[in-house]
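A.B. asks: Just so it is clear, I am handing over query_25.tsv, which has TSV, C-alpha atoms.
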```tsv
chain	number	residue	atom	x	y	z
H	8	MET	CA	77.58	5.00	174.59
H	9	ASN	CA	75.37	2.43	172.93
H	10	GLY	CA	76.32	-0.22	170.41
H	11	ASP	CA	75.05	1.76	167.48
H	12	PHE	CA	77.89	4.25	167.56
H	13	TRP	CA	80.43	2.73	165.16
H	14	PRO	CA	77.99	1.57	162.45
H	15	THR	CA	76.33	4.99	162.54
H	16	LEU	CA	79.69	6.72	162.25
H	17	VAL	CA	80.71	4.56	159.26
H	18	ASP	CA	77.38	5.21	157.54
H	19	GLY	CA	77.71	8.93	158.20
H	20	VAL	CA	81.17	8.97	156.62
H	21	ALA	CA	79.75	7.00	153.66
H	22	ILE	CA	76.96	9.58	153.24
H	23	ALA	CA	79.55	12.38	153.27
H	24	PHE	CA	81.62	10.64	150.58
H	25	ALA	CA	78.50	10.00	148.47
H	26	LEU	CA	77.44	13.65	148.69
H	27	GLY	CA	80.91	14.74	147.62
H	28	GLY	CA	80.87	12.31	144.70
H	29	LEU	CA	77.43	13.47	143.58
H	30	PHE	CA	78.57	17.09	143.82
H	31	PHE	CA	81.53	16.48	141.53
H	32	MET	CA	79.38	14.44	139.13
H	33	ILE	CA	76.84	17.24	138.69
H	34	VAL	CA	79.58	19.88	138.48
H	35	GLY	CA	81.35	17.90	135.75
H	36	ALA	CA	78.12	17.50	133.78
H	37	VAL	CA	77.31	21.22	134.07
H	38	GLY	CA	80.86	21.99	132.92
H	39	ILE	CA	80.40	19.77	129.87
H	40	VAL	CA	77.39	21.84	128.87
H	41	ARG	CA	78.68	25.30	129.80
H	42	LEU	CA	82.38	25.41	128.88
H	43	PRO	CA	83.37	26.91	125.52
H	44	ASP	CA	85.50	24.36	123.61
H	45	VAL	CA	86.51	20.69	123.50
H	46	TYR	CA	89.61	21.05	125.66
H	47	HIS	CA	87.78	22.89	128.44
H	48	ARG	CA	85.09	20.23	128.40
H	49	ILE	CA	87.68	17.44	128.68
H	50	HIS	CA	89.07	19.22	131.74
H	51	SER	CA	85.61	19.30	133.29
H	52	ALA	CA	84.79	15.70	132.40
H	53	SER	CA	87.94	14.46	134.12
H	54	LYS	CA	86.76	15.96	137.39
H	55	CYS	CA	83.46	14.19	136.95
H	56	THR	CA	85.15	10.85	136.26
H	57	THR	CA	87.87	10.67	138.89
H	58	LEU	CA	86.56	12.60	141.90
H	59	GLY	CA	82.88	11.79	141.43
H	60	LEU	CA	83.31	8.07	140.94
H	61	LEU	CA	85.93	7.94	143.72
H	62	GLY	CA	83.44	9.39	146.20
H	63	LEU	CA	80.59	7.11	145.15
H	64	LEU	CA	82.69	3.92	145.20
H	65	ILE	CA	84.23	4.70	148.61
H	66	ALA	CA	80.74	5.42	149.92
H	67	ALA	CA	79.35	2.14	148.58
H	68	ALA	CA	82.29	0.13	149.95
H	69	LEU	CA	81.92	1.72	153.39
H	70	PHE	CA	78.16	1.36	153.44
H	71	VAL	CA	77.99	-2.30	152.44
H	72	GLY	CA	81.16	-3.15	154.30
H	73	THR	CA	81.92	-6.69	153.12
H	74	ALA	CA	85.32	-7.80	151.84
H	75	GLU	CA	83.96	-8.66	148.40
H	76	VAL	CA	82.44	-5.24	147.81
H	77	LEU	CA	85.57	-3.53	149.15
H	78	LEU	CA	87.72	-5.54	146.73
H	79	LYS	CA	85.46	-4.85	143.74
H	80	GLY	CA	85.26	-1.16	144.62
H	81	LEU	CA	89.05	-0.91	144.88
H	82	LEU	CA	89.42	-2.75	141.56
H	83	THR	CA	86.98	-0.39	139.83
H	84	MET	CA	88.71	2.62	141.38
H	85	ALA	CA	92.16	1.43	140.28
H	86	PHE	CA	90.91	0.82	136.75
H	87	ILE	CA	89.15	4.19	136.48
H	88	PHE	CA	92.18	6.03	137.84
H	89	VAL	CA	94.38	4.46	135.17
H	90	ALA	CA	91.84	4.63	132.34
H	91	ALA	CA	90.40	8.14	132.77
H	92	PRO	CA	93.65	10.13	132.26
H	93	ILE	CA	94.61	7.91	129.33
H	94	GLY	CA	91.23	8.39	127.70
H	95	SER	CA	91.28	12.15	128.23
H	96	HIS	CA	94.82	12.45	126.85
H	97	VAL	CA	94.13	10.34	123.76
H	98	LEU	CA	90.88	12.18	123.07
H	99	ALA	CA	92.49	15.62	123.45
H	100	LYS	CA	95.33	14.68	121.13
H	101	ALA	CA	92.92	13.25	118.55
H	102	ALA	CA	90.77	16.40	118.69
H	103	HIS	CA	93.88	18.53	118.18
H	104	ARG	CA	95.00	16.46	115.19
H	105	ASP	CA	91.54	16.79	113.70
H	106	GLY	CA	91.74	20.57	114.12
H	107	ALA	CA	88.99	21.07	116.67
H	108	PRO	CA	88.26	24.78	117.08
H	109	THR	CA	89.66	26.46	120.19
H	110	TRP	CA	88.05	29.10	122.35
H	111	SER	CA	88.54	32.69	121.15
H	112	GLY	CA	90.36	33.54	124.38
H	113	THR	CA	93.02	30.83	123.96
H	114	LEU	CA	96.44	32.45	124.39
H	115	SER	CA	98.87	29.90	122.93
H	116	ASP	CA	99.00	26.40	121.44
H	117	ASP	CA	102.35	24.78	122.09
H	118	LEU	CA	101.44	21.51	120.38
H	119	ASP	CA	100.54	23.39	117.18
H	120	GLU	CA	103.87	25.21	117.10
H	121	ALA	CA	105.92	22.09	117.72
F	16	MET	CA	83.55	-13.43	154.47
F	17	PHE	CA	83.85	-16.44	152.23
F	18	VAL	CA	84.72	-15.45	148.67
F	19	THR	CA	83.77	-17.95	146.00
F	20	PRO	CA	86.32	-18.42	143.19
F	21	LEU	CA	85.38	-16.90	139.87
F	22	SER	CA	84.73	-19.66	137.36
F	23	ILE	CA	82.18	-20.61	134.74
F	24	SER	CA	80.57	-23.23	136.92
F	25	ASN	CA	80.10	-20.78	139.77
F	26	LEU	CA	78.59	-18.23	137.40
F	27	VAL	CA	76.17	-20.84	136.09
F	28	LEU	CA	75.26	-21.80	139.64
F	29	ALA	CA	74.73	-18.15	140.54
F	30	ALA	CA	72.54	-17.63	137.48
F	31	ALA	CA	70.52	-20.72	138.35
F	32	ALA	CA	70.07	-19.50	141.90
F	33	GLY	CA	68.19	-16.47	140.61
F	34	PRO	CA	68.34	-12.77	141.35
F	35	GLU	CA	68.60	-13.30	145.11
F	36	ALA	CA	72.03	-14.92	144.74
F	37	GLY	CA	74.15	-11.89	145.53
F	38	ALA	CA	71.88	-10.48	148.20
F	39	VAL	CA	73.68	-9.06	151.20
F	40	GLU	CA	72.50	-10.08	154.62
F	41	ALA	CA	70.85	-7.04	156.14
F	42	GLY	CA	71.06	-5.86	159.69
F	43	LYS	CA	74.27	-4.02	160.50
F	44	GLY	CA	72.07	-2.24	162.98
F	45	SER	CA	72.72	1.35	161.99
F	46	PRO	CA	69.80	3.78	162.26
F	47	LEU	CA	71.07	5.55	159.13
F	48	GLU	CA	70.79	2.44	156.98
F	49	ALA	CA	67.07	2.70	156.20
F	50	LEU	CA	67.46	6.42	155.52
F	51	VAL	CA	70.23	5.77	152.99
F	52	VAL	CA	68.51	2.90	151.23
F	53	GLN	CA	65.04	4.43	151.06
F	54	THR	CA	65.72	8.15	150.62
F	55	LEU	CA	69.28	9.25	149.94
F	56	ALA	CA	70.26	6.66	147.30
F	57	PRO	CA	67.14	7.31	145.14
F	58	ILE	CA	67.85	11.04	145.39
F	59	GLY	CA	71.41	10.30	144.22
F	60	VAL	CA	70.06	8.32	141.26
F	61	ALA	CA	67.86	11.30	140.37
F	62	VAL	CA	70.87	13.64	140.52
F	63	LEU	CA	72.89	11.31	138.27
F	64	LEU	CA	70.00	11.10	135.82
F	65	LEU	CA	69.93	14.90	135.69
F	66	ALA	CA	73.67	14.90	134.95
F	67	SER	CA	73.06	12.25	132.26
F	68	ALA	CA	70.47	14.54	130.67
F	69	LEU	CA	73.11	17.29	130.49
F	70	CYS	CA	75.50	14.83	128.80
F	71	VAL	CA	72.80	13.84	126.31
F	72	TYR	CA	72.31	17.52	125.51
F	73	ARG	CA	76.01	17.75	124.66
F	74	ILE	CA	75.88	14.54	122.61
F	75	VAL	CA	72.99	15.91	120.53
F	76	ARG	CA	74.30	19.47	120.27
F	77	GLY	CA	78.12	19.08	120.28
F	78	PRO	CA	79.66	20.95	117.36
F	79	HIS	CA	82.71	18.71	117.02
F	80	LEU	CA	82.75	14.90	117.02
F	81	ALA	CA	85.16	14.96	119.97
F	82	ASP	CA	82.47	16.74	122.01
F	83	ARG	CA	80.05	13.91	121.41
F	84	VAL	CA	82.63	11.24	122.25
F	85	LEU	CA	83.60	13.11	125.40
F	86	ALA	CA	79.99	13.42	126.51
F	87	SER	CA	79.31	9.72	125.86
F	88	ASP	CA	82.41	8.81	127.88
F	89	THR	CA	81.11	10.88	130.79
F	90	PHE	CA	77.71	9.28	130.28
F	91	ALA	CA	79.30	5.84	130.78
F	92	VAL	CA	80.86	7.06	134.03
F	93	LEU	CA	77.49	8.36	135.20
F	94	VAL	CA	75.98	4.96	134.42
F	95	VAL	CA	78.66	3.37	136.59
F	96	GLY	CA	77.58	5.69	139.41
F	97	ILE	CA	73.91	4.81	138.89
F	98	VAL	CA	74.72	1.08	138.97
F	99	VAL	CA	76.67	1.50	142.22
F	100	LEU	CA	73.72	3.31	143.80
F	101	LEU	CA	71.36	0.60	142.51
F	102	ALA	CA	73.57	-1.97	144.24
F	103	ILE	CA	72.89	-0.12	147.50
F	104	ILE	CA	69.16	0.28	146.86
F	105	LEU	CA	68.57	-3.33	145.79
F	106	GLU	CA	71.10	-4.71	148.31
F	107	ASN	CA	72.75	-6.93	145.73
F	108	ASP	CA	76.52	-7.40	145.36
F	109	LEU	CA	76.43	-8.49	141.74
F	110	PHE	CA	75.88	-4.92	140.51
F	111	PHE	CA	79.49	-4.05	141.36
F	112	ASP	CA	80.68	-6.44	138.63
F	113	ALA	CA	78.31	-4.71	136.21
F	114	ALA	CA	79.82	-1.35	137.25
F	115	LEU	CA	83.32	-2.56	136.43
F	116	VAL	CA	82.19	-3.89	133.04
F	117	VAL	CA	80.44	-0.63	132.13
F	118	GLY	CA	83.59	1.30	133.06
F	119	ILE	CA	85.78	-0.91	130.87
F	120	LEU	CA	83.39	-0.62	127.92
F	121	GLY	CA	83.30	3.17	128.20
F	122	PHE	CA	87.10	3.36	128.22
F	123	VAL	CA	87.50	1.06	125.22
F	124	SER	CA	84.88	2.89	123.16
F	125	THR	CA	86.55	6.22	123.93
F	126	LEU	CA	89.90	4.86	122.71
F	127	ALA	CA	88.35	3.47	119.52
F	128	PHE	CA	86.58	6.75	118.69
F	129	SER	CA	89.75	8.70	119.44
F	130	GLN	CA	91.66	6.60	116.92
F	131	TYR	CA	88.98	7.41	114.36
F	132	ILE	CA	88.97	11.15	115.12
F	133	GLY	CA	92.76	11.39	115.04
F	134	ASP	CA	93.10	9.67	111.66
F	135	ARG	CA	90.02	11.17	110.04
F	136	ARG	CA	91.63	14.20	108.39
F	137	ARG	CA	94.66	12.29	107.10
F	138	ALA	CA	92.48	9.49	105.74
F	139	ALA	CA	90.29	12.03	103.93
F	140	GLU	CA	93.36	13.69	102.39
F	141	ALA	CA	94.76	10.32	101.31
F	142	ALA	CA	91.43	9.39	99.73
F	143	ARG	CA	91.27	12.71	97.89
F	144	ALA	CA	94.86	12.30	96.62
F	145	HIS	CA	94.08	8.77	95.52
F	146	ALA	CA	90.96	9.86	93.63
F	147	GLY	CA	92.61	12.85	91.96
F	148	GLY	CA	95.86	11.09	91.16
F	149	VAL	CA	97.88	14.10	92.41
F	150	GLY	CA	99.24	15.20	95.76
F	151	LEU	CA	100.94	12.48	97.74
F	152	SER	CA	103.55	10.37	96.04
F	153	PRO	CA	102.83	6.62	96.02
F	154	GLY	CA	105.37	5.98	98.74
F	155	GLU	CA	103.65	8.41	101.11
F	156	ALA	CA	100.10	7.29	100.46
F	157	ALA	CA	98.38	5.93	103.54
F	158	PRO	CA	97.44	2.25	103.30
```
Translate the structure of the given file into structure tokens.

C.D. replies:
Amino acid sequence: MNGDFWPTLVDGVAIAFALGGLFFMIVGAVGIVRLPDVYHRIHSASKCTTLGLLGLLIAAALFVGTAEVLLKGLLTMAFIFVAAPIGSHVLAKAAHRDGAPTWSGTLSDDLDEA
Amino acid sequence: MFVTPLSISNLVLAAAAGPEAGAVEAGKGSPLEALVVQTLAPIGVAVLLLASALCVYRIVRGPHLADRVLASDTFAVLVVGIVVLLAIILENDLFFDAALVVGILGFVSTLAFSQYIGDRRRAAEAARAHAGGVGLSPGEAAP
């Protein structure tokens, strides 16, 4: 076994994380275009934000591999994981208060009945 | 690795040192490194730009204002991803700070637009009642 083994393994894991992140990013963007109403699109955009950015930031931290980049990546990840659900929730509630139209197949609206 | 404290003087010194200031020393010795930097990361940037184009389509098209705000929020996240990949391509640490800043700005703008969307209907009704002189009683009128 030569000395290249561990760096190659770490870079391979980083490539796998980056591919996963890119997959979720493109899936979230396609969902934003294809899904029928605001609430469905918020659901899709949350996938894009959390999983996609998680994969890319882990990949970058593993690939560069210094303590600074690891710390900044963890900081960005922690912020995004707090901010993205809050943003989605506030936006969904605001859209509901503004009376955004729902998809024709929507079965019930508990917030409207409350 | 030695981490410099974050202060104004250090930022000024880093700015004076030019764009090479945050450059990472190369040479971890992995055979995959050149492949990632020269091929895979640019392909990733292209994929994220394609996703950004889809978001722009939704910003232009979106029937409701919440659709546009949602798409611009996702656009900010995609820009964070592009900046992270640029940090890998250009081998410069400073781009990670830019990624954090772009993420914070996207979150704050989403919150501000959500406030506007949520209050829009009630503000319009209050304005109509104020103009017509009927409807809401003075105690209920929105400020």

A.B. asks: In Å, how far is it from CA of Val123 (chain F) to CA of Ala56 (chain F)?

C.D. replies: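 Straight-line distance from CA of Val123 (chain F) to CA of Ala56 (chain F) works out to 28.6 Å.
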
A.B. asks: Would you list the residues near (86.4, 19.8, 113.8) (no more than 12 Å away, in the coordinates of the file, using only C-alpha atoms) as an MDAnalysis selection string?

C.D. replies: (chainID H and resid 44:45 101:109) or (chainID F and resid 77:83 132:133 135:136)

A.B. asks: If we draw a sphere of 12 Å around (79.1, -1.4, 150.4), which residues have at least one atom in it when counting only C-alpha atoms? Please report them as a VMD selection string.

C.D. replies: (chain H and resid 17 to 18 21 to 22 25 63 to 81) or (chain F and resid 38 to 41 43 48 51 to 52 99 to 111)

A.B. asks: Pull C-alpha atoms from the residues just selected and write them as a PDB file, keeping the file's coordinate frame.

C.D. replies:
```
ATOM      1  CA  VAL H  17      80.710   4.560 159.260  1.00  0.00           C
ATOM      2  CA  ASP H  18      77.380   5.210 157.540  1.00  0.00           C
ATOM      3  CA  ALA H  21      79.750   7.000 153.660  1.00  0.00           C
ATOM      4  CA  ILE H  22      76.960   9.580 153.240  1.00  0.00           C
ATOM      5  CA  ALA H  25      78.500  10.000 148.470  1.00  0.00           C
ATOM      6  CA  LEU H  63      80.590   7.110 145.150  1.00  0.00           C
ATOM      7  CA  LEU H  64      82.690   3.920 145.200  1.00  0.00           C
ATOM      8  CA  ILE H  65      84.230   4.700 148.610  1.00  0.00           C
ATOM      9  CA  ALA H  66      80.740   5.420 149.920  1.00  0.00           C
ATOM     10  CA  ALA H  67      79.350   2.140 148.580  1.00  0.00           C
ATOM     11  CA  ALA H  68      82.290   0.130 149.950  1.00  0.00           C
ATOM     12  CA  LEU H  69      81.920   1.720 153.390  1.00  0.00           C
ATOM     13  CA  PHE H  70      78.160   1.360 153.440  1.00  0.00           C
ATOM     14  CA  VAL H  71      77.990  -2.300 152.440  1.00  0.00           C
ATOM     15  CA  GLY H  72      81.160  -3.150 154.300  1.00  0.00           C
ATOM     16  CA  THR H  73      81.920  -6.690 153.120  1.00  0.00           C
ATOM     17  CA  ALA H  74      85.320  -7.800 151.840  1.00  0.00           C
ATOM     18  CA  GLU H  75      83.960  -8.660 148.400  1.00  0.00           C
ATOM     19  CA  VAL H  76      82.440  -5.240 147.810  1.00  0.00           C
ATOM     20  CA  LEU H  77      85.570  -3.530 149.150  1.00  0.00           C
ATOM     21  CA  LEU H  78      87.720  -5.540 146.730  1.00  0.00           C
ATOM     22  CA  LYS H  79      85.460  -4.850 143.740  1.00  0.00           C
ATOM     23  CA  GLY H  80      85.260  -1.160 144.620  1.00  0.00           C
ATOM     24  CA  LEU H  81      89.050  -0.910 144.880  1.00  0.00           C
TER      25      LEU H  81
ATOM     26  CA  ALA F  38      71.880 -10.480 148.200  1.00  0.00           C
ATOM     27  CA  VAL F  39      73.680  -9.060 151.200  1.00  0.00           C
ATOM     28  CA  GLU F  40      72.500 -10.080 154.620  1.00  0.00           C
ATOM     29  CA  ALA F  41      70.850  -7.040 156.140  1.00  0.00           C
ATOM     30  CA  LYS F  43      74.270  -4.020 160.500  1.00  0.00           C
ATOM     31  CA  GLU F  48      70.790   2.440 156.980  1.00  0.00           C
ATOM     32  CA  VAL F  51      70.230   5.770 152.990  1.00  0.00           C
ATOM     33  CA  VAL F  52      68.510   2.900 151.230  1.00  0.00           C
ATOM     34  CA  VAL F  99      76.670   1.500 142.220  1.00  0.00           C
ATOM     35  CA  LEU F 100      73.720   3.310 143.800  1.00  0.00           C
ATOM     36  CA  LEU F 101      71.360   0.600 142.510  1.00  0.00           C
ATOM     37  CA  ALA F 102      73.570  -1.970 144.240  1.00  0.00           C
ATOM     38  CA  ILE F 103      72.890  -0.120 147.500  1.00  0.00           C
ATOM     39  CA  ILE F 104      69.160   0.280 146.860  1.00  0.00           C
ATOM     40  CA  LEU F 105      68.570  -3.330 145.790  1.00  0.00           C
ATOM     41  CA  GLU F 106      71.100  -4.710 148.310  1.00  0.00           C
ATOM     42  CA  ASN F 107      72.750  -6.930 145.730  1.00  0.00           C
ATOM     43  CA  ASP F 108      76.520  -7.400 145.360  1.00  0.00           C
ATOM     44  CA  LEU F 109      76.430  -8.490 141.740  1.00  0.00           C
ATOM     45  CA  PHE F 110      75.880  -4.920 140.510  1.00  0.00           C
ATOM     46  CA  PHE F 111      79.490  -4.050 141.360  1.00  0.00           C
TER      47      PHE F 111
END
```

A.B. asks: For each of F:Phe90, F:Leu55, F:Ala139, F:Pro46, take the minimum atom-to-atom distance to Ser67 (chain F), counting all atoms listed in the file, then give the residue where this is smallest.

C.D. replies: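 So, comparing all the options, the nearest one is F:Phe90.
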
A.B. asks: Which residue out of H:Pro92, H:Pro14, H:Gly62, H:Gly27 has the minimum interatomic distance to chain F when only C-alpha atoms are used?

C.D. replies: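 So, comparing all the options, the nearest one is H:Pro14.
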
A.B. asks: So the first atom is CA of Leu126 (chain F) and the second is CA of Gly96 (chain F); what is the distance between them in Å, to one decimal place?

C.D. replies: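 Distance reported for this atom pair: 20.8 Å.
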
A.B. asks: Quote the spacing between CA of Thr125 (chain F) and CA of Val95 (chain F) in Å to one decimal place.

C.D. replies: 15.2 Å

A.B. asks: Using all atoms listed in the file, pick whichever of H:Gly28, H:Ser53, H:Ala23, H:Ala36 has the shortest atom-to-atom distance to chain F.

C.D. replies: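 Of H:Gly28, H:Ser53, H:Ala23, H:Ala36, the one nearest chain F, counting all atoms listed in the file, is H:Ala36.
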
A.B. asks: Which residue gives the smallest distance to Val84 (chain F) among F:Asp134, F:Arg143, F:Ile97, F:Ala127, with all atoms listed in the file counted?

C.D. replies: F:Ala127

A.B. asks: Between H:Asp116, H:Ser111, H:Gly94, H:Ser51, which one has atoms that come closest to Phe128 (chain F), using all atoms listed in the file?

C.D. replies: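 So, comparing all the options, the nearest one is H:Gly94.
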
A.B. asks: Skip Ala68 (chain F) itself and residues of its chain fewer than 5 positions away, then list as a PyMOL selection string all residues within 12 Å of it, counting only C-alpha atoms.

C.D. replies: (chain H and resi 33+36-37+39-40) or (chain F and resi 61-63+73-75+86-87+89-90+93-94)

A.B. asks: Return the single residue from F:Ala141, F:Leu50, F:Leu85, F:Ala146 that is closest to chain H, with distances computed using only C-alpha atoms.

C.D. replies: F:Leu85
